[in-house]
file model_10.cif (mmCIF, C-alpha atoms)
data_input
#
loop_
_atom_site.label_atom_id
_atom_site.label_comp_id
_atom_site.auth_asym_id
_atom_site.auth_seq_id
_atom_site.Cartn_x
_atom_site.Cartn_y
_atom_site.Cartn_z
CA MET A 187 -50.46 79.94 195.26
CA ALA A 188 -49.89 76.86 197.46
CA ALA A 189 -48.64 74.84 194.48
CA ARG A 190 -46.27 77.63 193.58
CA ASN A 191 -44.91 77.84 197.14
CA ASP A 192 -44.39 74.05 197.22
CA SER A 193 -42.53 74.13 193.91
CA GLU A 194 -40.06 76.81 195.05
CA PRO A 195 -38.26 74.62 197.65
CA LYS A 196 -38.10 71.78 195.10
CA LEU A 197 -36.55 74.08 192.50
CA TYR A 198 -34.17 75.36 195.17
CA GLY A 199 -33.13 71.79 195.98
CA TYR A 200 -32.76 70.82 192.32
CA SER A 201 -30.58 73.87 191.67
CA ARG A 202 -28.30 72.92 194.58
CA VAL A 203 -27.97 69.37 193.27
CA ALA A 204 -27.16 70.71 189.79
CA CYS A 205 -24.54 73.10 191.21
CA GLY A 206 -22.98 70.26 193.19
CA ILE A 207 -22.78 67.98 190.16
CA CYS A 208 -21.26 70.81 188.11
CA THR A 209 -18.66 71.33 190.84
CA HIS A 210 -17.65 67.65 190.70
CA VAL A 211 -17.32 67.90 186.92
CA LEU A 212 -15.43 71.22 186.95
CA CYS A 213 -12.87 70.24 189.61
CA ALA A 214 -12.16 66.92 187.87
CA GLY A 215 -12.22 68.53 184.41
CA LEU A 216 -9.67 71.22 185.30
CA THR A 217 -7.38 68.59 186.83
CA VAL A 218 -7.53 66.41 183.72
CA PHE A 219 -7.01 69.45 181.48
CA ILE A 220 -3.89 70.54 183.39
CA ALA A 221 -2.59 66.96 183.40
CA ILE A 222 -2.90 66.81 179.59
CA LEU A 223 -1.28 70.21 179.26
CA ALA A 224 1.58 69.65 181.72
CA LYS A 225 2.32 66.01 180.78
CA PRO A 226 3.57 65.05 184.28
CA GLY A 227 6.93 63.31 184.06
CA SER A 228 7.98 65.10 180.89
CA SER A 229 10.06 67.52 182.98
CA LEU A 230 10.67 68.43 186.61
CA PHE A 231 8.46 71.50 186.29
CA SER A 232 5.58 69.45 184.85
CA TRP A 233 4.90 67.95 188.27
CA HIS A 234 4.22 71.37 189.82
CA PRO A 235 1.03 72.40 187.96
CA PHE A 236 -0.25 68.83 187.94
CA CYS A 237 0.25 68.19 191.68
CA MET A 238 -1.03 71.60 192.76
CA THR A 239 -4.18 71.29 190.63
CA LEU A 240 -4.73 67.72 191.85
CA ALA A 241 -4.36 68.96 195.44
CA PHE A 242 -6.47 72.10 195.44
CA SER A 243 -8.86 71.63 192.53
CA PHE A 244 -9.67 67.96 193.05
CA PHE A 245 -8.75 66.50 196.45
CA MET A 246 -9.66 69.52 198.58
CA THR A 247 -12.89 70.21 196.69
CA GLU A 248 -14.02 66.59 196.93
CA ALA A 249 -13.04 66.46 200.60
CA ILE A 250 -15.48 69.30 201.34
CA LEU A 251 -18.21 68.05 199.01
CA LEU A 252 -18.34 64.80 201.00
CA PHE A 253 -20.44 66.73 203.54
CA SER A 254 -22.75 68.34 201.00
CA PRO A 255 -26.37 67.46 201.82
CA HIS A 256 -27.26 67.74 198.12
CA SER A 257 -24.38 66.36 196.06
CA SER A 258 -22.19 64.22 198.30
CA PRO A 259 -21.04 61.08 196.44
CA VAL A 260 -21.30 59.21 199.77
CA LYS A 261 -24.54 60.75 201.04
CA LYS A 262 -25.72 57.48 202.60
CA PHE A 263 -22.49 56.89 204.53
CA LYS A 264 -22.40 57.39 208.29
CA HIS A 265 -20.91 60.69 209.45
CA ASN A 266 -17.85 58.99 210.95
CA ASN A 267 -17.10 57.31 207.63
CA LYS A 268 -17.41 60.65 205.85
CA VAL A 269 -14.98 62.18 208.34
CA LEU A 270 -12.50 59.36 207.67
CA LEU A 271 -12.75 59.87 203.90
CA HIS A 272 -12.42 63.62 204.41
CA ARG A 273 -9.17 63.10 206.33
CA ILE A 274 -7.81 60.71 203.69
CA LEU A 275 -8.51 63.20 200.88
CA GLN A 276 -6.98 66.03 202.91
CA VAL A 277 -3.82 64.00 203.57
CA LEU A 278 -3.60 63.27 199.82
CA CYS A 279 -4.05 67.00 199.22
CA VAL A 280 -1.15 67.78 201.59
CA ILE A 281 1.11 65.18 199.94
CA CYS A 282 0.40 66.54 196.45
CA ALA A 283 0.87 70.13 197.62
CA ILE A 284 4.24 69.34 199.21
CA VAL A 285 5.39 67.47 196.09
CA GLY A 286 4.26 70.43 193.99
CA ILE A 287 6.11 73.03 196.04
CA VAL A 288 9.27 70.87 196.31
CA THR A 289 9.41 70.33 192.54
CA ILE A 290 9.01 74.03 191.71
CA SER A 291 11.67 74.92 194.30
CA ASN A 292 14.10 72.41 192.80
CA ASN A 293 13.24 73.60 189.30
CA LYS A 294 14.01 77.20 190.25
CA ASN A 295 17.27 76.14 191.90
CA GLN A 296 18.34 74.33 188.73
CA ASN A 297 17.57 77.40 186.62
CA ASN A 298 19.04 79.90 189.13
CA LYS A 299 15.73 81.72 189.51
CA PRO A 300 14.56 83.52 192.68
CA HIS A 301 11.85 81.95 194.83
CA PHE A 302 8.40 83.32 195.67
CA THR A 303 8.75 86.64 193.87
CA SER A 304 5.22 86.66 192.40
CA TRP A 305 1.77 86.79 193.98
CA HIS A 306 1.18 83.28 192.67
CA GLY A 307 4.27 82.00 194.46
CA LEU A 308 3.61 83.84 197.72
CA ILE A 309 -0.07 82.92 197.98
CA GLY A 310 0.75 79.37 196.91
CA LEU A 311 3.31 79.06 199.73
CA ILE A 312 0.87 80.50 202.29
CA THR A 313 -1.82 78.10 201.03
CA VAL A 314 0.42 75.04 201.39
CA ILE A 315 1.48 76.04 204.92
CA SER A 316 -2.13 76.72 205.88
CA THR A 317 -3.26 73.39 204.40
CA VAL A 318 -0.62 71.42 206.31
CA MET A 319 -1.50 73.18 209.58
CA GLN A 320 -5.23 72.81 208.99
CA THR A 321 -4.99 69.09 208.18
CA MET A 322 -2.54 68.06 210.87
CA GLY A 323 -4.16 70.29 213.49
CA SER A 324 -7.67 69.00 212.83
CA ILE A 325 -6.60 65.36 212.94
CA GLY A 326 -4.85 65.91 216.26
CA LEU A 327 -7.60 68.02 217.79
CA PHE A 328 -10.56 65.88 216.87
CA SER A 329 -8.78 62.59 217.55
CA LEU A 330 -7.08 63.40 220.85
CA LEU A 331 -8.41 66.58 222.46
CA SER A 332 -12.16 66.52 221.86
CA PRO A 333 -12.94 64.32 224.93
CA LYS A 334 -11.21 66.84 227.23
CA LEU A 335 -11.82 70.28 225.76
CA PRO A 336 -11.03 73.41 227.81
CA LYS A 337 -13.85 75.06 229.73
CA GLY A 338 -16.03 77.24 227.51
CA TRP A 339 -15.29 75.19 224.39
CA SER A 340 -17.53 72.64 222.73
CA LEU A 341 -17.10 70.23 219.85
CA ALA A 342 -19.67 72.24 217.86
CA LYS A 343 -17.65 75.44 218.30
CA LEU A 344 -14.46 73.60 217.37
CA LYS A 345 -16.08 72.28 214.19
CA ARG A 346 -17.27 75.79 213.32
CA TYR A 347 -13.75 77.20 213.65
CA HIS A 348 -12.36 74.27 211.67
CA ALA A 349 -14.89 74.89 208.88
CA THR A 350 -14.13 78.64 208.83
CA SER A 351 -10.36 78.20 208.67
CA GLY A 352 -10.80 75.40 206.13
CA LEU A 353 -12.93 77.65 203.93
CA LEU A 354 -10.32 80.42 204.09
CA THR A 355 -7.63 77.91 203.12
CA TYR A 356 -9.76 76.66 200.23
CA LEU A 357 -10.32 80.22 198.99
CA LEU A 358 -6.56 80.85 199.17
CA GLY A 359 -6.04 77.72 197.08
CA SER A 360 -8.61 78.92 194.54
CA VAL A 361 -6.89 82.32 194.27
CA SER A 362 -3.54 80.56 193.83
CA LEU A 363 -4.99 78.40 191.04
CA VAL A 364 -6.39 81.43 189.19
CA LEU A 365 -3.05 83.24 189.53
CA GLY A 366 -1.34 80.09 188.25
CA LEU A 367 -3.46 80.31 185.11
CA SER A 368 -2.01 83.79 184.60
CA THR A 369 1.62 82.60 184.59
CA ALA A 370 3.79 82.66 181.49
CA TRP A 371 3.71 78.85 181.22
CA PHE A 372 -0.09 78.59 181.09
CA SER A 373 -0.63 81.74 179.01
CA SER A 374 1.84 80.52 176.39
CA ASN A 375 -0.07 77.25 176.03
CA VAL A 376 -3.65 78.46 176.38
CA SER A 377 -5.34 81.62 175.19
CA GLY A 378 -8.72 83.02 174.18
CA TYR A 379 -11.97 81.59 175.45
CA VAL A 380 -10.25 78.40 176.70
CA TRP A 381 -8.30 80.49 179.23
CA TYR A 382 -11.50 82.07 180.53
CA LEU A 383 -13.21 78.68 180.77
CA ALA A 384 -10.26 77.32 182.76
CA ALA A 385 -10.27 80.35 185.06
CA LEU A 386 -14.00 79.96 185.69
CA CYS A 387 -13.52 76.43 187.07
CA PRO A 388 -11.86 77.34 190.41
CA ILE A 389 -14.02 80.48 190.73
CA LEU A 390 -17.32 78.62 190.33
CA CYS A 391 -16.15 75.78 192.58
CA ALA A 392 -15.17 78.31 195.26
CA LEU A 393 -18.62 79.93 195.13
CA VAL A 394 -20.36 76.56 195.58
CA ILE A 395 -18.06 75.50 198.43
CA MET A 396 -18.44 78.87 200.15
CA ASN A 397 -22.21 78.60 199.90
CA GLN A 398 -22.18 75.05 201.30
CA VAL A 399 -19.97 75.86 204.30
CA THR A 400 -21.63 79.15 205.24
CA ASN A 401 -25.16 77.74 204.93
CA THR A 402 -24.33 74.64 206.95
CA TYR A 403 -22.65 76.38 209.86
CA MET A 404 -24.75 79.55 209.90
CA THR A 405 -27.87 77.39 210.07
CA LYS A 406 -26.41 75.33 212.93
CA LYS A 407 -25.41 78.47 214.81
CA ARG A 408 -28.90 80.01 214.48
CA SER A 409 -30.52 76.78 215.68
CA GLN A 410 -28.51 76.97 218.91
CA TYR A 411 -30.15 80.26 219.95
#

call {"tool": "encode", "arguments": {"input": "model_10.cif", "output": "structure tokens"}}
result
Amino acid sequence: MAARNDSEPKLYGYSRVACGICTHVLCAGLTVFIAILAKPGSSLFSWHPFCMTLAFSFFMTEAILLFSPHSSPVKKFKHNNKVLLHRILQVLCVICAIVGIVTISNNKNQNNKPHFTSWHGLIGLITVISTVMQTMGSIGLFSLLSPKLPKGWSLAKLKRYHATSGLLTYLLGSVSLVLGLSTAWFSSNVSGYVWYLAALCPILCALVIMNQVTNTYMTKKRSQY
């Protein structure tokens, strides 16, 4: 019985490592797949799916996975260095997201099409705004305000709110990606089991990220009581 109990935590740890590695592969794989499909530079529109996937499937996912205790590619780095890398990836995410939304807006203007009339467009716009606010706000707050926080606030509480809002933003991005795979452009180029495989990528990545964030901050919160 003791051997069995000892093996369970090991299996639990191995499964988390495997899930983390799969998440790295899936977020990069979907980005490469969309890049091949869109052929960025072939048209103005081609930059939209490429930049948005690069932003929310790759940069944002990797930015969060930096803090994974099981599958971080920089696990041995100091926490401050991880934070710096996290900020760099988030800024790259914001840049790509802005480029993506500007290109689709210009493309619609050129073709005299209305803006943000679909769920994909609306959620995508909300996601980009939320990402910009989340990134800029966190850089300002943690860099400038943390030494003199208002009474009743702590850096731990601030980090918890940042993680919660960041997770919500990430989930919005995942929903936007799945809705993007349901657009006429993607559906006309991809069908059958390939479509389902592509749709599974952001869904599975979201589940892993959600598990990482909730476990990390729920555990920290319980340890404070």

call {"tool": "closest_residue", "arguments": {"input": "model_10.cif", "among": "A:Gly286, A:Gly323, A:Pro300, A:Pro388", "to": "Leu230 of chain A", "atoms": "only C-alpha atoms"}}
result
A:Gly286

call {"tool": "residues_around", "arguments": {"input": "model_10.cif", "residues": "Gly310 of chain A", "least_positions_apart": "2", "cutoff": "12 Å", "atoms": "all atoms listed in the file", "output": "PyMOL selection string"}}
result
chain A and resi 234-235+238-239+241-242+283-284+286-287+290+301-308+312-317+355-366

call {"tool": "resolve_selection", "arguments": {"input": "model_10.cif", "expression": "the PyMOL selection byres ((chain A and resi 256) around 12)", "output": "list in words"}}
result
Lys196, Tyr198, Gly199, Tyr200, Ser201, Arg202, Val203, Ala204, Cys205, Gly206, Ile207, Thr209, Leu251, Leu252, Phe253, Ser254, Pro255, Ser257, Ser258, Pro259, Val260, Lys261, Lys262, Val394, Gln398 and Thr402 of chain A

call {"tool": "write_last_selection", "arguments": {"input": "model_10.cif", "atoms": "C-alpha atoms", "output": "PDB file, in the coordinates of the input"}}
result
ATOM      1  CA  LYS A 196     -38.100  71.780 195.100  1.00  0.00           C
ATOM      2  CA  TYR A 198     -34.170  75.360 195.170  1.00  0.00           C
ATOM      3  CA  GLY A 199     -33.130  71.790 195.980  1.00  0.00           C
ATOM      4  CA  TYR A 200     -32.760  70.820 192.320  1.00  0.00           C
ATOM      5  CA  SER A 201     -30.580  73.870 191.670  1.00  0.00           C
ATOM      6  CA  ARG A 202     -28.300  72.920 194.580  1.00  0.00           C
ATOM      7  CA  VAL A 203     -27.970  69.370 193.270  1.00  0.00           C
ATOM      8  CA  ALA A 204     -27.160  70.710 189.790  1.00  0.00           C
ATOM      9  CA  CYS A 205     -24.540  73.100 191.210  1.00  0.00           C
ATOM     10  CA  GLY A 206     -22.980  70.260 193.190  1.00  0.00           C
ATOM     11  CA  ILE A 207     -22.780  67.980 190.160  1.00  0.00           C
ATOM     12  CA  THR A 209     -18.660  71.330 190.840  1.00  0.00           C
ATOM     13  CA  LEU A 251     -18.210  68.050 199.010  1.00  0.00           C
ATOM     14  CA  LEU A 252     -18.340  64.800 201.000  1.00  0.00           C
ATOM     15  CA  PHE A 253     -20.440  66.730 203.540  1.00  0.00           C
ATOM     16  CA  SER A 254     -22.750  68.340 201.000  1.00  0.00           C
ATOM     17  CA  PRO A 255     -26.370  67.460 201.820  1.00  0.00           C
ATOM     18  CA  SER A 257     -24.380  66.360 196.060  1.00  0.00           C
ATOM     19  CA  SER A 258     -22.190  64.220 198.300  1.00  0.00           C
ATOM     20  CA  PRO A 259     -21.040  61.080 196.440  1.00  0.00           C
ATOM     21  CA  VAL A 260     -21.300  59.210 199.770  1.00  0.00           C
ATOM     22  CA  LYS A 261     -24.540  60.750 201.040  1.00  0.00           C
ATOM     23  CA  LYS A 262     -25.720  57.480 202.600  1.00  0.00           C
ATOM     24  CA  VAL A 394     -20.360  76.560 195.580  1.00  0.00           C
ATOM     25  CA  GLN A 398     -22.180  75.050 201.300  1.00  0.00           C
ATOM     26  CA  THR A 402     -24.330  74.640 206.950  1.00  0.00           C
TER      27      THR A 402
END

call {"tool": "atom_distance", "arguments": {"input": "model_10.cif", "atom1": "atom CA of Pro226 of chain A", "atom2": "atom CA of Asn297 of chain A"}}
result
18.8 Å

call {"tool": "closest_residue", "arguments": {"input": "model_10.cif", "among": "A:Cys208, A:Ala214, A:Asn401, A:Met396", "to": "Leu354 of chain A", "atoms": "all atoms listed in the file"}}
result
A:Met396

call {"tool": "closest_residue", "arguments": {"input": "model_10.cif", "among": "A:Cys391, A:Met246, A:Val380, A:Lys294", "to": "Gln320 of chain A", "atoms": "only C-alpha atoms"}}
result
A:Met246

call {"tool": "build_atoms", "arguments": {"input": "model_10.cif", "residues": "segment 358-383 of chain A", "atoms": "N, CA and C atoms", "output": "CSV table (one decimal), in the coordinates of the input"}}
result
chain,number,residue,atom,x,y,z
A,358,LEU,N,-8.0,80.5,199.5
A,358,LEU,CA,-6.6,80.8,199.2
A,358,LEU,C,-6.1,79.9,198.0
A,359,GLY,N,-6.4,78.7,198.1
A,359,GLY,CA,-6.0,77.7,197.1
A,359,GLY,C,-6.7,78.1,195.7
A,360,SER,N,-7.9,78.5,195.8
A,360,SER,CA,-8.6,78.9,194.5
A,360,SER,C,-7.9,80.1,193.9
A,361,VAL,N,-7.6,81.1,194.8
A,361,VAL,CA,-6.9,82.3,194.3
A,361,VAL,C,-5.6,81.9,193.7
A,362,SER,N,-4.8,81.0,194.3
A,362,SER,CA,-3.5,80.6,193.8
A,362,SER,C,-3.7,79.9,192.5
A,363,LEU,N,-4.8,79.1,192.3
A,363,LEU,CA,-5.0,78.4,191.0
A,363,LEU,C,-5.3,79.4,189.9
A,364,VAL,N,-6.1,80.4,190.2
A,364,VAL,CA,-6.4,81.4,189.2
A,364,VAL,C,-5.1,82.2,188.8
A,365,LEU,N,-4.3,82.5,189.8
A,365,LEU,CA,-3.0,83.2,189.5
A,365,LEU,C,-2.1,82.3,188.7
A,366,GLY,N,-2.2,81.0,189.0
A,366,GLY,CA,-1.3,80.1,188.2
A,366,GLY,C,-1.7,80.1,186.8
A,367,LEU,N,-3.0,80.3,186.5
A,367,LEU,CA,-3.5,80.3,185.1
A,367,LEU,C,-3.0,81.6,184.4
A,368,SER,N,-2.5,82.5,185.2
A,368,SER,CA,-2.0,83.8,184.6
A,368,SER,C,-0.5,83.8,184.4
A,369,THR,N,0.2,82.7,184.7
A,369,THR,CA,1.6,82.6,184.6
A,369,THR,C,2.0,82.5,183.1
A,370,ALA,N,3.3,82.7,182.9
A,370,ALA,CA,3.8,82.7,181.5
A,370,ALA,C,3.6,81.3,180.9
A,371,TRP,N,3.8,80.2,181.7
A,371,TRP,CA,3.7,78.8,181.2
A,371,TRP,C,2.3,78.6,180.7
A,372,PHE,N,1.3,78.9,181.5
A,372,PHE,CA,-0.1,78.6,181.1
A,372,PHE,C,-0.5,79.5,180.0
A,373,SER,N,-0.2,80.8,180.0
A,373,SER,CA,-0.6,81.7,179.0
A,373,SER,C,0.0,81.4,177.7
A,374,SER,N,1.2,80.8,177.7
A,374,SER,CA,1.8,80.5,176.4
A,374,SER,C,1.2,79.3,175.8
A,375,ASN,N,0.5,78.5,176.6
A,375,ASN,CA,-0.1,77.2,176.0
A,375,ASN,C,-1.6,77.4,175.8
A,376,VAL,N,-2.2,78.3,176.5
A,376,VAL,CA,-3.6,78.5,176.4
A,376,VAL,C,-4.0,79.9,176.2
A,377,SER,N,-4.9,80.2,175.4
A,377,SER,CA,-5.3,81.6,175.2
A,377,SER,C,-6.8,81.7,174.8
A,378,GLY,N,-7.3,82.8,174.6
A,378,GLY,CA,-8.7,83.0,174.2
A,378,GLY,C,-9.7,82.5,175.2
A,379,TYR,N,-10.9,82.0,174.6
A,379,TYR,CA,-12.0,81.6,175.4
A,379,TYR,C,-11.6,80.4,176.3
A,380,VAL,N,-10.6,79.6,175.9
A,380,VAL,CA,-10.2,78.4,176.7
A,380,VAL,C,-9.7,78.9,178.0
A,381,TRP,N,-8.9,80.0,178.0
A,381,TRP,CA,-8.3,80.5,179.2
A,381,TRP,C,-9.4,80.9,180.2
A,382,TYR,N,-10.4,81.6,179.7
A,382,TYR,CA,-11.5,82.1,180.5
A,382,TYR,C,-12.3,80.9,181.1
A,383,LEU,N,-12.5,79.9,180.3
A,383,LEU,CA,-13.2,78.7,180.8
A,383,LEU,C,-12.4,78.0,181.9
